[in-house]
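*Asks:* My structure is below; once you've seen it, I'll send some questions.
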Amino acid sequence: MSATDTEAPAATLLSVQNLSVVYEPTGGEPVHAVSGATFDLGRGDFVGLVGESGSGKSTLGFALTGLSKPPARVGGGSILFNGVDIAGMSSEDLRVQRQGGFAMVLQSGMNALNPVRSIRNHFYDIFAAHGHIGRGEREARAIELVGKVELPAGVLDRFSGELSGGMRQRVSIALALSLEPQLMIFDEPTTALDVLVQHAVMNTIRELQKSEGFTAVLISHDLGMVLEVTERVMVMHNGLIVEDRPAADVLASPQHPYTRMLLSHYGDPRAEIVEVPGLAARGPKRAPEVSHLKTDFVPVSAEARARAAGTEGVQRREGRAAREAIVVSNVSKIYPPPRRGEKPVRAVNDVSFTLEPGASMALVGASGSGKSTIAKMITGVEHPTSGTITFGDLQVDRIKRRSLKRLHTEVQMVFQDPYSALNPLHTVEYTLTRPIVNFSKLRGRDARRRMLELLETVGLTPVEQFAARLPHQLSGGQRQRVVIARALASDPQVIIADEPVSMLDVSLRAGVLALLDSLRETWGVSMLYITHDLLSARLVTDQIMVLNQGAVVEEGATASVLQNPRDEYTIRLLDAIPHPTTPTPEHN
Amino acid sequence: MTLTDKSPDQKPATDVAGPAHPLGVLWRAVTTIWSVPKARIGVVMLGVFVLGALFAPLIAPYSPTNNDFGRSEDMTAAHLLGTTAAGQDVLSQVIYGARVSVFVGFIAGLFSTIIAVLIGLSWGYLRNKTADVINFIVNLFLVIPALPLMIVIAAYLQNGGIGMIILVVVITGWAWGARVLRSQTQSLRSRDFVTAAIFSGESSGRIVFREILPNMTSLIVGSFFGAATAAILAEAGLSFLGLGDSTTISWGTMLFWAQNSNALLTGQWILLFAPGLCISLLATSLSLINFGVDGLSNPRLREGAKR
Amino acid sequence: IDVDSKSDNTGTEGSMLVAADNGSPTFEKNFNPFSTSKRVTATYMYEPLQVVNTLDGKSTPFLATGSEQVDAKTLIYTIREGVTWSDGTDFTPADVLFTFNLMKEVPGLDNKGVWQHIESLEVVDNTVVFHLLAEDVPAASIIDQQLIVPEHIWADVEDPLTFTNEDPIATGPYVLGDFTPNQYKLAKNQDYWQADKVAVEELILPAANSQLDVVNNGYDWAYAFITDVEGTWVNANQEHNDYWFPPGGTIALVPNLTKAPYNDVNFREGLSLALDREKIADDAEQGYVDAAGQSGLLLPNQEAWLSDDLPDGGEIAQDTDAALAAFEEAGYTMDGDKLVDASGTQLAINIMTANGYTDWLQGLQTVQTQLGAIGIEVTLSQPQPAAYQQSLGNGDFDMAMTGFGGTGSVFQDMNLLLNSEFATPIGTTTTGNFGRFSDPQTDALLADLKASTDEAEQKTIAAQLQQTVYEELPVISMFYGGLWGLYSDENYTGWPTEEDPYAPPNTYNSTPLLILTNLEKAN
Amino acid sequence: MRFVLTKIGLLLLTLWAAVTLNFLLPRLMPGSPADAALAKLAQNGPVSPATKAAIEAQLGVPTGSMFDQYLQYLGNVATFDFGVSYTFFPQPVAGLVAAALPWTLVLVGLVTIIAFIFGTLLGVLAAWKRGTWLDTLPTVGGTFASAFPYFWTALLLLFFLGYVAGWFPTSGAYGRGTTPEFSAAFLLDAIYHAILPATTILITSLGGWILGMRSTMINTLGDDYVTFAEANGLKPRTVAIRYAARNAILPNLTSFGLALGGVVGGSLLVERVFAYPGVGYLLYTAVTNQDFPLMQALFLIITISVLLANFIVDILYGILDPRTRR
Ligand SMILES: Nc1ncnc2c1ncn2[C@@H]1O[C@H](COP(=O)(O)OP(=O)(O)OP(=O)(O)O)[C@@H](O)[C@H]1O
Ligand SMILES: Nc1ncnc2c1ncn2[C@@H]1O[C@H](COP(=O)(O)OP(=O)(O)OP(=O)(O)O)[C@@H](O)[C@H]1O
Ligand SMILES: [Mg+2]
Ligand SMILES: [Mg+2]
C-alpha cells in the first residue's frame, strides 16, 4: 500500500488510519467490507475510488461521512477530519459537523429525494437543520444552488417524480452543496443514467469541484471515467485498497494485477484496432480466426463446442434448407399516450433493415431511443403500428399467439438483466429443460443430456453442480450464461441480445461478450446486439445502426461508423465516452 | 433488511434442491416457517389446537353434550373448568369447540384463498375490459363492511349453521387477498423471467402456475392465514349473536350460551374467559405464523434463516 | 368473583323499579294501546272492562262493574260510574261503544279479533249490550280484555293505526311521567277510581334491564328467565328477593298430521312413550317447570277441569318397551341400534324450532338424545322466527316445537288446538291447530262447549276433549312454559304467589293491573 | 380534477350496486313481514287468527312487479324514505336511523381516528427504536390484542371495570333519565358512558395500526431518501417524521379506509354488549326481529359511511401524495 504521509499535515483535510468496517447481520456471518484502509486527503483534492461491485467502495464512503448504520460497524482505526476523530463522535455532534464538513451524494441518486416533498422543502429542511442560512435568504440561496448544477429555479416547486433522472441527480448534488462542505463524496453519481446525461452530470461535478474548491472523492466502477476526471485514484479490491497513486501513474504503469485487469478491459471504440482480453481483435477487417479466443472467462473448449454442436443442433442445422434473414421494412410503433391529454409516444419511426443470416449487427442509441421496442417487435412480443417484419415465410408483424412458438424456435432473446430474467424459484436445470422440452422432441434422459451440453457450451462446469443450483447461488456472469444457454436451447437462427451485459461488472462483461461472439461463430447464428455501450458494440459486431428518437440516423460497418461518425447524434454519443488519454495504452 | 450478498460461487451447490415433489414443497414450507422464531411459537400453538381438535374424543373427559352433571358447578377435580348452566362439562366443550374454529378457519380460509388466487391472478394477467369489471366488483366487496353483511345474510338465510358461516365468510373475505395478489401478479408479469418463459415456448397456464404463482407463495399463504383468522373471529361473533347454529359446540356458541345463561352472574367467569382466550390464542397463532411466510417464495431468505 | 349487590334506586321515596319494558336499546314513544309495538306499560294506563287472570280464567271487573251472560248470544256489561279520564273528562259507556266501533272501522286495530264474535253493540243506560254472531259464551273473555280509549281524543285521531299517542289519556292507575329515551316514569293517577288501592306512587322503567342489572340494581319487580335463580336473584338479597314461576302455556311437539308417518297414531304414541318429559323439562327450563301431562290443559292452573278418567292425571311416563311396541304397530322395527322401516331405512325425524328460543332448543337437544337412544335420527332445523312462523302456519314441517294454551280459557285453548276450522290446506296460513287435526266429533264437542253456559256441562265436554288429546296425540306435550316473575318485598308486599295466585306475575298485558292494585307498602 | 371526477363516478357506481344488493336481499328471504311480527307476538302467548290480519293491515305488504318495486325503492332511497319499521311500528326507519347514527359515528369515528393516530405513532416509534423495548412491547402487545374478539374484550371490560370495580356505567350512552341535549353536563355524562365501549374498540383495533405502520416505516427507513436526509445532517426528528413517517403513512391511509368496515362491524358487537344506542345495536334489533326495512336501511347506511370514508381517504391520499395527482 502506498503511503501518503509525505504530504504536509496542514494541507490534510481527512486522515484515515487503518480503518476497517464490518457488517454484522443478525444471524449471518460478519462481512469485512473494508479492512485496514489508510490514506489522507488533502484540501481541494479530487480523488477517484474504483473497484468492482461489492469491493467495499460505498461502505468506505459511508464510513468517511459517519453514515455507517447497523449492521455496519466501524471495527477499528480512525478517521480524522480536520484533526478530529469522527469515528467516536456522538450522532448529534456528527450531525452538526455536516454543515461545512462532509457531504455525500448517494449511489442511487434517483431515489435520494423524498417523493412527497417538494425540492424547495428539501433545501429548506437542510437550512433549518443547520441554521446557516437566514430565513430571508433561503429562497435566493436555493435558486443559487440549483443554478450551480445548471437547473432552472422552477425545479424548486417540483416533486422528484416530475424530474428526470439526470435532474434528480443534479438536485441531490445541489443539496449536498448546500451544506457548504469541505469534503464531498460522490458515490457512483451517474450509474443508471443515460450515457449522454452521464456525461453532462460528470462535467457539472468536475466544474463544481474546480469552482468551489472542495475536496472530492468520486466512487465509480468505471476506471475510464475516474481516470479522466480525477487526479488521484484509489483502487479497491475485496475490501482492501490495493493501489493509491496519481491518475497518470496508474494509467501509465498499473501496479496491482487487479488494476491491470481493469485497465485492460478498457478500450476506445474509435480506435483502429480494439482488443480486449478474451475477445477477438476487431480491426477494420474481420478477424478470420476464432481459435485465439483464449480467455480465463470462457472455458469453452473446442471439444465441448464440437460435442454441443455434434448432436441435436448440427442435425437440425443440417436439415435446414436455407437460413432466413429478418427483414424489417418501414416499421413504426406508436404507443398510446401514457396519460390522458398527452401525445402518443412514437417509439419507433420508419425503421428498415435486414439482418442477414450469420451477421452481427449492433443497435445503439441513448435511453428511450426505441431499441428495445424494435427487439420486441422482431420477437413478436409487440406488433408494429405500421410496416412489415418477415422472417422467412413468417409474417412476424401480425403473428398470432399460436405461431409465436414457431418463431421462437428460430428467434431467441438474451435478456438485459440476468437478475430478473431467471425465476428465483427454479433451478438451472428446470429453466434450461423447459425450452428443450417445448421445442424439441427430446424427453427425459435425452433432454437432460442436452441441458448439460448447453451448460457446458456456456462454460458452466462442472455441469451437474450448476444444473442443481438456484439463481441466487450464481454470480451475475453465471446467471447471464444461463440466460444465454436458455436462448440457445431451441437452437435458434437469430439471437436478439438486449443489453446483455449492462448489469455486469467489467470483469464479467468481457467473458459474456466473448461467449456470445464465439457462439455466433461456432453456431452460425445471426445476432442483433442492442446496447448503448459503443465499446462492446465495437467488440462484437460488424454492422451498426444508430437510433435516435425511434429513427435510424446512421448505419454501416461498425468500425467505420465509430471512427468517422457523420451524424451529430452519433458524435455526441461518442463524446460521452470517457477518454483518459488518447489511444489506449499498450498492454499485454 | 438486506441479507449478505455472499459471493454465491462459494456456496456448496448441493444444499438446496429444486422444486421437487409437492410433498417436498410442503415440507420445505413447514421448515421455512419453522426457522422463524415467532412463527415457530405460532406453529406450536396452532399444533396444540389442531391436535386438540383432532383428538378431542380422546382428550376430553366427557362428551360435550352430556348434560347429566350438576348445573353451573364450580371448578372441581371432576370438572376442571366447572359445568355450564345446562350441566355440561366446560373443559370438554372447550376441547371440542376447537373443532369448529379450526374447521371453519381452515375451510373458509381455503376457499376464500382459492377464490382470491383465481380472481387475483386472472385479474392481474388480463389487460382488457374484463379487468375493469373485476376491479369494480373487488372494490365493491372491499368496501362493503363484512360483519354487517354477514349478519344481514345470516338473518336472511334460513338455517344458521357452520356452512352458512363459512359461505358468508368466503363471500366477504376473498376481495382483499385478490387485490394484493393482483398487484403482485402485475409486477411479476412484467418481470423478464415471465417474458423469458414465453420465449421458452411455455403455455399461458404453465406461465401462470409454474412461473408466477410459486413466486407468490408467501402472499398466498399469508392471505390464507389472514382469511382463516377473519373466519374464526367471524364465526365467534356470529355465534355469539346467536345467528349461527346454537346446537353446535364451538367457542362462539359457548360464549353465546354463557352470555345467555349469565355466567358472570353465577360467578362463572371461566365460562366466558376460556373460550374467548382460546379464540384469541388461535388467532394469535395464525398471526404469528404469518411472520414466517416471507421466506416461502424467497429462497435467499430461506437459507439466510437456516444459518 | 362476588359482585356486591347495591340498592341503586334512582327514584324518590315511594317509587318502584320495574324491569318490564326493554328498549332496543332505547325507547320509542308509542303509547297507542292498539299497536303491537306499543310501550309495554300502555296496559298500565288503559284499562279493559275486566281483567282476566290467565292462570284460572277468572275475571276481575275494572271499567265494567260486572258482566252478565243473558244468553249464549247476548252479553251485558254494566259500566262503572265515577271514573274519569286522566284529563278530567268523565268516562262514559259511549267511550266503550266508540272503542269497539273504532275497531270495526279500522280492522287493523282489532288485534284480538273481537269483531269475529260481535255482531253489534249498543249502549243502554249505563250498560253496553253486545249481540254476538253466534252462541258464543267464551267471547266474553275476549271482550273483557279490550282496552278502552277516550272518544274525545281518539275521535280526532286521523290514522289510529300509525298514531303514537305520545300523551296518553287513560283511566288507569298511572299516568305518564318523565320520558327519556333510556328511562321513563309512570306517576300515580291521583284521581284514579280506586286510588286508595294503589300504593306505589311512581314506577321507574329503565330501557336496559340486563340480568346483571336486575340482580344488582335493586329492582322491585322483574319478569326474566334467569339462570340459577336461587344463586343469583335470591342470593342478591336473601331476605327480600323471591320468585314465582307459574306455568303460562304448554310447550309441545306438533306432528304434521297430513304427512306419513306422523298421521299414524301408533307412531305418535311411540314418540310420546319414548320421551322422558321430566328430563326434557329439566333441561329446557333448568328445573323451574314441570313436565306436561297429555290432557291438553294447563296444570295446575286448570286443575278443576281435569278429567278423572285420564290415567295418572294425563301424565305419560317414559316406557321404551311400550314405545317400541307402538312403533312396531306403525311399521318400524329395531335393527341393531337403529329403528328401521320395512325397507330397512332408519327412521329420521326433523323437528323445527325458532332460532334464538334457547330454552326450547335445549329441550329439543334432550329429545334428540332420547329418540336417538331408540335408534331414531333426529335433526333440528332452526329458521329465524319469521320463517319459523311462516312454515308453522303453512304446515311446511315434519314436527315442530310450539306452545299452546295459556289464554286462561279452556275453550280457547282447546279450540285453537283441535278445531278443524284451523286445519286449512297445507300451504295456506293458519294461526292454530298447526298439525291440522280434523275430527267432526271433536268439532261438534267444541261447538257445544262454546254454546254452553252450564259449568257442569262444560266440564263434561272438556273431559271428552281431554280424552281426545290424550288418545289421538294431536300434539305431544312436553313441559309447561313458565312465567318468570321475580319480586322483592323489601319496599312492597302483596305479590301474587303460589298460595295466592290472584294474578300471573308477568309485567305485560293487563294482569299487572291486578298486582298494582294489590301491593302495599312494606311497613 | 379528472382524478376526483373518476373517483366520484366510481363512488356512485358502487353506491348503486350496494343499493341494489340491498333491494334484493330481503326478497330472497322466506316469511312475510306479518309473519315476523306475528312470531314476535307469539313469544308472549298464542295469537288469535284475527291478529294476523290486523298486523298485515298495519304494515302494508309490498305489491307490484319486482321491477316496479325496484324503481319505487330507488325513489324512496333517494328521498331517504326507508319505510316504516316493523319493530318500532309506526316509527319511520329514517328517524330511528337518524337517532342512532350520531352515537356510532362519534364513538366509532372518534375511536377509530384515535386508534389510527395512536397506533401510527406507536408504530413509528417502534420502527424508529427498532430492537428496544419500545419496539417489542407494542409489537407483541399489538399482535395479541388484535386477535381478541371484539365482544370478548367488551364482556371482560364490562364485567371487571363495570361490575366488579364499578368504575364505569355498564350500559347505555348516557345516564338513566337524562335526555340528549347540548350541555356540558350531558356531554361529560356521554363521554363517561363511552369510555368502556371506546376502550374496547381501541384495544382491539390498535394492534393492527401499530403492526402495519411499523412494517411500512421500517421499509421507508431503508429508503435512500432517508439515508440522504441523514447525510445532509437533518435533525433526527425531522428525518423520522417528515421523511420516514410521512411517506410510510400513505399506504396505511388506504388500509385505514378499508379497515373502517371492520371497525363498524366490530362496533356492532360492542354496542350489543354495552347496549349502546348506535346503529350496530339497532341492526342487531332489526335482525332479531326480522325488521327488514330497518335492516336494509341500516346496512345501506353503514355501507355508505364506509364508502364515503374510503372516498375521503382516496381524495386525501391524492392530496398528500403528489405522485397520484397529475
Ligand atoms: N447491510 C449489509 N449487510 C451485510 N453485508 C453487506 C451489507 N451491505 C453491504 N454488504 C457487503 O459489504 C461489501 C461491500 O459493499 P459495498 O456496498 O460497499 O460495495 P460497493 O463497492 O459499493 O459495490 P457497488 O459497486 O455494487 O456499489 C459487499 O460484499 C456487500 O455484500
Ligand atoms: N409499453 C409501452 N407503452 C408506452 N410507451 C412505451 C412502452 N414501451 C416503451 N415505451 C416508450 O417508447 C420509447 C422507446 O422505448 P424503448 O424501451 O424501446 O427504449 P430503449 O431504447 O430500449 O431504452 P433503454 O436504453 O432505456 O432500454 C420510450 O419513450 C418509452 O417510454
Ligand atoms: Mg456501492
Ligand atoms: Mg431497452
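We name chains A, B, ... following the order of the C-alpha cells; residues begin at 1 in each chain, and ligands are numbered from 1 as shown.
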At a cut-off of 9 Å, using only C-alpha atoms, what residues contact Lys371 (chain A)? Leave out same-chain residues fewer than 2 positions from it and give the result as a VMD selection string.
*Replies:* chain A and resid 347 to 348 363 to 369 373 to 376 498 530 to 531 547 550
*Asks:* Only residues of chain D matter here; which ones have an atom within 7 Å of chain B, counting only C-alpha atoms? Give them as a CSV table (one decimal) with N, CA and C atoms, in the first residue's frame.
*Replies:*
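Produced file part.csv, reproduced below:
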```csv
chain,number,residue,atom,x,y,z
D,14,THR,N,-70.6,2.3,-7.1
D,14,THR,CA,-70.5,1.3,-6.0
D,14,THR,C,-71.8,1.5,-5.2
D,26,PRO,N,-83.7,-8.9,1.0
D,26,PRO,CA,-84.9,-9.3,1.7
D,26,PRO,C,-85.8,-10.1,0.8
D,29,MET,N,-85.8,-13.8,1.0
D,29,MET,CA,-86.0,-14.2,2.4
D,29,MET,C,-87.3,-14.9,2.6
D,143,THR,N,-49.9,-7.6,18.4
D,143,THR,CA,-50.2,-8.9,17.7
D,143,THR,C,-51.3,-9.6,18.5
D,144,PHE,N,-51.1,-9.6,19.8
D,144,PHE,CA,-52.0,-10.4,20.7
D,144,PHE,C,-53.4,-9.7,20.8
D,147,ALA,N,-55.9,-10.0,18.1
D,147,ALA,CA,-56.6,-11.3,17.9
D,147,ALA,C,-57.8,-11.4,18.8
D,148,PHE,N,-58.0,-10.5,19.7
D,148,PHE,CA,-59.1,-10.6,20.7
D,148,PHE,C,-60.4,-10.4,19.9
D,149,PRO,N,-61.4,-11.2,20.1
D,149,PRO,CA,-62.7,-10.9,19.5
D,149,PRO,C,-63.3,-9.6,20.2
D,152,TRP,N,-65.6,-10.1,23.2
D,152,TRP,CA,-65.0,-10.7,24.3
D,152,TRP,C,-64.3,-9.7,25.2
D,258,LEU,N,-60.2,1.1,4.3
D,258,LEU,CA,-60.8,-0.2,4.2
D,258,LEU,C,-61.1,-0.8,5.6
D,261,GLY,N,-64.6,-0.5,7.6
D,261,GLY,CA,-65.6,-1.5,7.6
D,261,GLY,C,-65.6,-2.5,8.7
D,262,GLY,N,-64.3,-3.0,9.0
D,262,GLY,CA,-64.1,-3.9,10.1
D,262,GLY,C,-64.5,-3.3,11.4
D,265,GLY,N,-68.2,-3.1,11.9
D,265,GLY,CA,-68.7,-4.4,12.2
D,265,GLY,C,-68.4,-4.7,13.7
D,287,VAL,N,-82.3,-7.4,13.1
D,287,VAL,CA,-82.1,-8.8,12.7
D,287,VAL,C,-82.9,-9.7,13.6
D,299,PHE,N,-78.1,-1.3,6.9
D,299,PHE,CA,-77.0,-1.9,6.1
D,299,PHE,C,-76.5,-0.9,5.1
D,303,THR,N,-72.9,0.8,4.8
D,303,THR,CA,-72.1,0.7,3.6
D,303,THR,C,-71.7,2.1,3.1
D,306,VAL,N,-69.0,3.7,5.1
D,306,VAL,CA,-67.7,3.2,4.8
D,306,VAL,C,-67.2,3.6,3.4
D,307,LEU,N,-68.1,3.7,2.4
D,307,LEU,CA,-67.8,4.1,1.1
D,307,LEU,C,-67.3,5.6,1.1
```
*Asks:* Give as number ranges by chain the residues surrounding ligand 3 up to a distance of 7 Å, considering only C-alpha atoms and all ligand atoms.
*Replies:* A: 53-54, 57-58, 107, 187
*Asks:* Include N, CA, C and O atoms and write out the residues we just selected as a short mmCIF file (atom, residue, chain, number, x, y, z; two decimals), in the first residue's frame.
*Replies:*
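Ended up saving to out-v5.cif:
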```
data_model
loop_
_atom_site.label_atom_id
_atom_site.label_comp_id
_atom_site.auth_asym_id
_atom_site.auth_seq_id
_atom_site.Cartn_x
_atom_site.Cartn_y
_atom_site.Cartn_z
N SER A 53 -18.01 -4.21 -8.24
CA SER A 53 -19.16 -4.21 -7.35
C SER A 53 -18.90 -5.06 -6.12
O SER A 53 -18.38 -6.16 -6.22
N GLY A 54 -19.24 -4.53 -4.98
CA GLY A 54 -19.08 -5.30 -3.76
C GLY A 54 -17.69 -5.21 -3.18
O GLY A 54 -17.38 -5.87 -2.18
N LYS A 57 -16.56 -0.05 -1.76
CA LYS A 57 -16.45 1.39 -2.03
C LYS A 57 -17.49 2.20 -1.25
O LYS A 57 -17.16 3.14 -0.54
N SER A 58 -18.73 1.79 -1.42
CA SER A 58 -19.79 2.55 -0.74
C SER A 58 -19.63 2.47 0.76
O SER A 58 -19.82 3.46 1.48
N GLN A 107 -25.28 6.73 -4.11
CA GLN A 107 -25.19 5.91 -5.31
C GLN A 107 -26.47 5.97 -6.15
O GLN A 107 -26.45 6.18 -7.35
N ASP A 187 -20.92 9.00 -4.71
CA ASP A 187 -20.93 7.54 -4.83
C ASP A 187 -21.63 7.17 -6.13
O ASP A 187 -22.85 7.25 -6.24
#
```
*Asks:* Identify, counting only C-alpha atoms and all ligand atoms, the protein, DNA and RNA residues located within 9 Å of ligand 1, and give them as a PyMOL selection string.
*Replies:* (chain A and resi 21-26+28-34+50-62+69-72+107+187-188+219-221+236-239+505) or (chain B and resi 1-7)
*Asks:* Put those residues in a file: C-alpha atoms, as a tab-separated table (two decimals), in the first residue's frame.
*Replies:*
```tsv
chain	number	residue	atom	x	y	z
A	21	VAL	CA	-15.75	-1.76	8.61
A	22	VAL	CA	-17.63	-4.92	9.40
A	23	TYR	CA	-21.20	-5.86	8.56
A	24	GLU	CA	-22.73	-7.93	11.31
A	25	PRO	CA	-26.11	-9.02	10.08
A	26	THR	CA	-28.29	-10.72	12.67
A	28	GLY	CA	-25.41	-14.05	9.48
A	29	GLU	CA	-21.67	-14.26	9.39
A	30	PRO	CA	-19.85	-10.94	9.66
A	31	VAL	CA	-18.58	-9.45	6.40
A	32	HIS	CA	-15.36	-7.50	6.47
A	33	ALA	CA	-16.27	-4.98	3.84
A	34	VAL	CA	-13.34	-2.65	4.42
A	50	VAL	CA	-12.63	2.41	-8.16
A	51	GLY	CA	-13.28	-1.26	-7.76
A	52	GLU	CA	-15.75	-3.83	-8.84
A	53	SER	CA	-19.16	-4.21	-7.35
A	54	GLY	CA	-19.08	-5.30	-3.76
A	55	SER	CA	-15.47	-4.31	-3.23
A	56	GLY	CA	-16.41	-2.02	-0.38
A	57	LYS	CA	-16.45	1.39	-2.03
A	58	SER	CA	-19.79	2.55	-0.74
A	59	THR	CA	-19.09	1.11	2.66
A	60	LEU	CA	-15.94	3.14	2.88
A	61	GLY	CA	-17.78	6.22	1.65
A	62	PHE	CA	-20.42	5.81	4.33
A	69	LYS	CA	-25.56	2.23	10.33
A	70	PRO	CA	-26.15	-1.20	11.77
A	71	PRO	CA	-25.44	-3.85	10.71
A	72	ALA	CA	-22.34	-1.95	9.60
A	107	GLN	CA	-25.19	5.91	-5.31
A	187	ASP	CA	-20.93	7.54	-4.83
A	188	GLU	CA	-21.42	6.43	-8.42
A	219	ILE	CA	-16.62	6.48	-6.33
A	220	SER	CA	-17.12	4.51	-9.51
A	221	HIS	CA	-16.55	1.16	-11.04
A	236	MET	CA	-10.27	-1.26	-4.03
A	237	HIS	CA	-10.45	-4.98	-4.22
A	238	ASN	CA	-12.13	-7.23	-1.68
A	239	GLY	CA	-12.18	-4.52	0.95
A	505	ASP	CA	-19.08	-5.89	-13.96
B	1	MET	CA	-33.08	-5.67	5.89
B	2	THR	CA	-30.95	-6.93	3.03
B	3	LEU	CA	-29.06	-10.00	3.81
B	4	THR	CA	-25.46	-10.55	2.99
B	5	ASP	CA	-24.86	-10.98	-0.65
B	6	LYS	CA	-22.27	-13.56	-0.12
B	7	SER	CA	-20.32	-14.48	-3.12
```
*Asks:* So which residues touch Ile207 (chain B) within 8 Å, counting only C-alpha atoms, skipping near sequence neighbours fewer than 5 positions away, as an mmCIF file with N, CA, C and O atoms, in the first residue's frame?
*Replies:*
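Wrote selection_25.cif, looks like this:
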```cif
data_model
loop_
_atom_site.group_PDB
_atom_site.id
_atom_site.type_symbol
_atom_site.label_atom_id
_atom_site.label_comp_id
_atom_site.auth_asym_id
_atom_site.auth_seq_id
_atom_site.Cartn_x
_atom_site.Cartn_y
_atom_site.Cartn_z
ATOM 1 N N VAL B 194 -40.776 -13.886 -16.883
ATOM 2 C CA VAL B 194 -42.059 -14.272 -17.454
ATOM 3 C C VAL B 194 -41.998 -14.164 -18.978
ATOM 4 O O VAL B 194 -42.412 -15.071 -19.702
ATOM 5 N N ALA B 197 -40.116 -16.958 -20.253
ATOM 6 C CA ALA B 197 -40.871 -18.210 -20.315
ATOM 7 C C ALA B 197 -41.655 -18.294 -21.622
ATOM 8 O O ALA B 197 -41.791 -19.368 -22.206
ATOM 9 N N ILE B 198 -42.138 -17.143 -22.081
ATOM 10 C CA ILE B 198 -42.825 -17.149 -23.380
ATOM 11 C C ILE B 198 -41.835 -17.562 -24.466
ATOM 12 O O ILE B 198 -42.143 -18.372 -25.331
ATOM 13 N N GLU B 202 -43.442 -21.720 -23.354
ATOM 14 C CA GLU B 202 -44.369 -22.192 -22.338
ATOM 15 C C GLU B 202 -45.799 -21.739 -22.632
ATOM 16 O O GLU B 202 -46.018 -20.672 -23.201
ATOM 17 N N ILE B 212 -45.366 -17.703 -12.249
ATOM 18 C CA ILE B 212 -45.857 -16.586 -11.433
ATOM 19 C C ILE B 212 -46.321 -17.045 -10.054
ATOM 20 O O ILE B 212 -45.878 -16.548 -9.022
#
```
*Asks:* Identify, on the basis of only C-alpha atoms, every residue whose closest approach to region 182-189 of chain B does not exceed 7 Å; exclude the query and any residue fewer than 3 positions from it along the same chain; express the result as a PyMOL selection string.
*Replies:* chain B and resi 120-121+123-125+178-179+194+212
*Asks:* What are the nearest atom pairs, with distances in Å to one decimal, for all residues of region 245-362 of chain C that come at most 10 Å from region 210-234 of chain C, using only C-alpha atoms, set out by chain and rising residue number as CSV?
*Replies:*
```
residue,atom,partner,partner_atom,distance
C:Phe245,CA,C:Phe225,CA,9.2
C:Glu285,CA,C:Phe225,CA,8.7
C:Gln286,CA,C:Thr227,CA,7.5
C:Gly287,CA,C:Asp228,CA,9.6
C:Tyr288,CA,C:Val229,CA,9.2
C:Asp359,CA,C:Phe225,CA,9.7
```
*Asks:* Tell me, as a list in words, which residues lie within 10 Å of Asp446 (chain A), counting only C-alpha atoms; anything in the same chain fewer than 6 positions away does not count.
*Replies:*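 With the cut-off at 10 Å, the set is Ile436, Val437 and Leu452 of chain A.
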*Asks:* With N, CA, C and O atoms retained, export the selected residues as a short mmCIF file (atom, residue, chain, number, x, y, z; two decimals), in the first residue's frame.
*Replies:*
```cif
data_model
loop_
_atom_site.label_atom_id
_atom_site.label_comp_id
_atom_site.auth_asym_id
_atom_site.auth_seq_id
_atom_site.Cartn_x
_atom_site.Cartn_y
_atom_site.Cartn_z
N ILE A 436 -36.11 -26.93 -24.02
CA ILE A 436 -35.74 -28.17 -24.72
C ILE A 436 -36.98 -29.03 -24.93
O ILE A 436 -37.26 -29.51 -26.02
N VAL A 437 -37.74 -29.17 -23.86
CA VAL A 437 -38.94 -30.00 -23.95
C VAL A 437 -39.96 -29.37 -24.90
O VAL A 437 -40.62 -30.04 -25.67
N LEU A 452 -27.32 -30.52 -20.12
CA LEU A 452 -25.95 -30.49 -19.61
C LEU A 452 -24.99 -30.01 -20.69
O LEU A 452 -24.03 -29.28 -20.42
#
```
*Asks:* At a cut-off of 12 Å, which residues of chain B touch chain C? Count only C-alpha atoms and give the answer as an MDAnalysis selection string.
*Replies:* chainID B and resid 65:74 84:88 152:161 239:248 253 256:270
*Asks:* The selected residues should be written to file as a compact mmCIF listing (two decimals), in the first residue's frame (atoms: C-alpha atoms).
*Replies:*
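Output below, filename again02.txt:
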```txt
# COMPACT_ATOMS: atom_id res chain seq x y z
CA THR B 65 -73.28 -32.57 25.03
CA ASN B 66 -73.68 -34.73 28.08
CA ASN B 67 -75.77 -32.63 30.42
CA ASP B 68 -76.09 -35.07 33.26
CA PHE B 69 -73.91 -33.10 35.61
CA GLY B 70 -74.92 -30.52 38.12
CA ARG B 71 -75.68 -27.11 36.73
CA SER B 72 -73.25 -24.22 36.93
CA GLU B 73 -70.83 -26.10 39.11
CA ASP B 74 -67.57 -24.55 40.17
CA THR B 84 -72.37 -24.95 32.20
CA ALA B 85 -75.81 -23.78 33.15
CA ALA B 86 -77.12 -26.74 31.20
CA GLY B 87 -74.94 -29.11 33.17
CA GLN B 88 -72.27 -29.83 30.58
CA VAL B 152 -77.79 -9.45 7.33
CA ILE B 153 -77.15 -12.53 5.22
CA ALA B 154 -77.29 -14.74 8.28
CA ALA B 155 -80.65 -13.24 9.08
CA TYR B 156 -81.87 -13.82 5.57
CA LEU B 157 -80.65 -17.36 5.28
CA GLN B 158 -82.95 -19.86 6.88
CA ASN B 159 -80.88 -22.33 8.74
CA GLY B 160 -77.98 -20.91 10.60
CA GLY B 161 -75.07 -23.28 10.71
CA SER B 239 -72.39 -17.45 17.07
CA PHE B 240 -72.15 -15.06 19.96
CA LEU B 241 -75.00 -13.05 18.49
CA GLY B 242 -76.96 -16.28 18.22
CA LEU B 243 -77.09 -16.12 14.46
CA GLY B 244 -75.36 -19.43 13.95
CA ASP B 245 -76.49 -22.88 14.89
CA SER B 246 -76.58 -22.79 18.65
CA THR B 247 -76.60 -26.56 18.95
CA THR B 248 -73.07 -26.97 17.65
CA THR B 253 -71.68 -20.72 20.85
CA PHE B 256 -73.41 -17.29 23.43
CA TRP B 257 -74.71 -19.78 25.99
CA ALA B 258 -72.54 -18.30 28.69
CA GLN B 259 -73.95 -14.88 27.99
CA ASN B 260 -77.43 -16.34 27.61
CA SER B 261 -77.26 -18.02 30.96
CA ASN B 262 -75.49 -15.13 32.63
CA ALA B 263 -72.32 -16.88 33.51
CA LEU B 264 -70.97 -13.72 35.07
CA LEU B 265 -73.93 -13.55 37.39
CA THR B 266 -73.36 -17.03 38.64
CA GLY B 267 -69.72 -16.17 39.09
CA GLN B 268 -68.61 -18.48 36.31
CA TRP B 269 -66.30 -16.07 34.59
CA ILE B 270 -64.30 -19.04 33.34
```
*Asks:* Using only C-alpha atoms and a distance of at most 8 Å, pull out the residues of chain D that contact chain A, as a ChimeraX atom specification.
*Replies:* /D:223-228,230-235,243,247,320-323
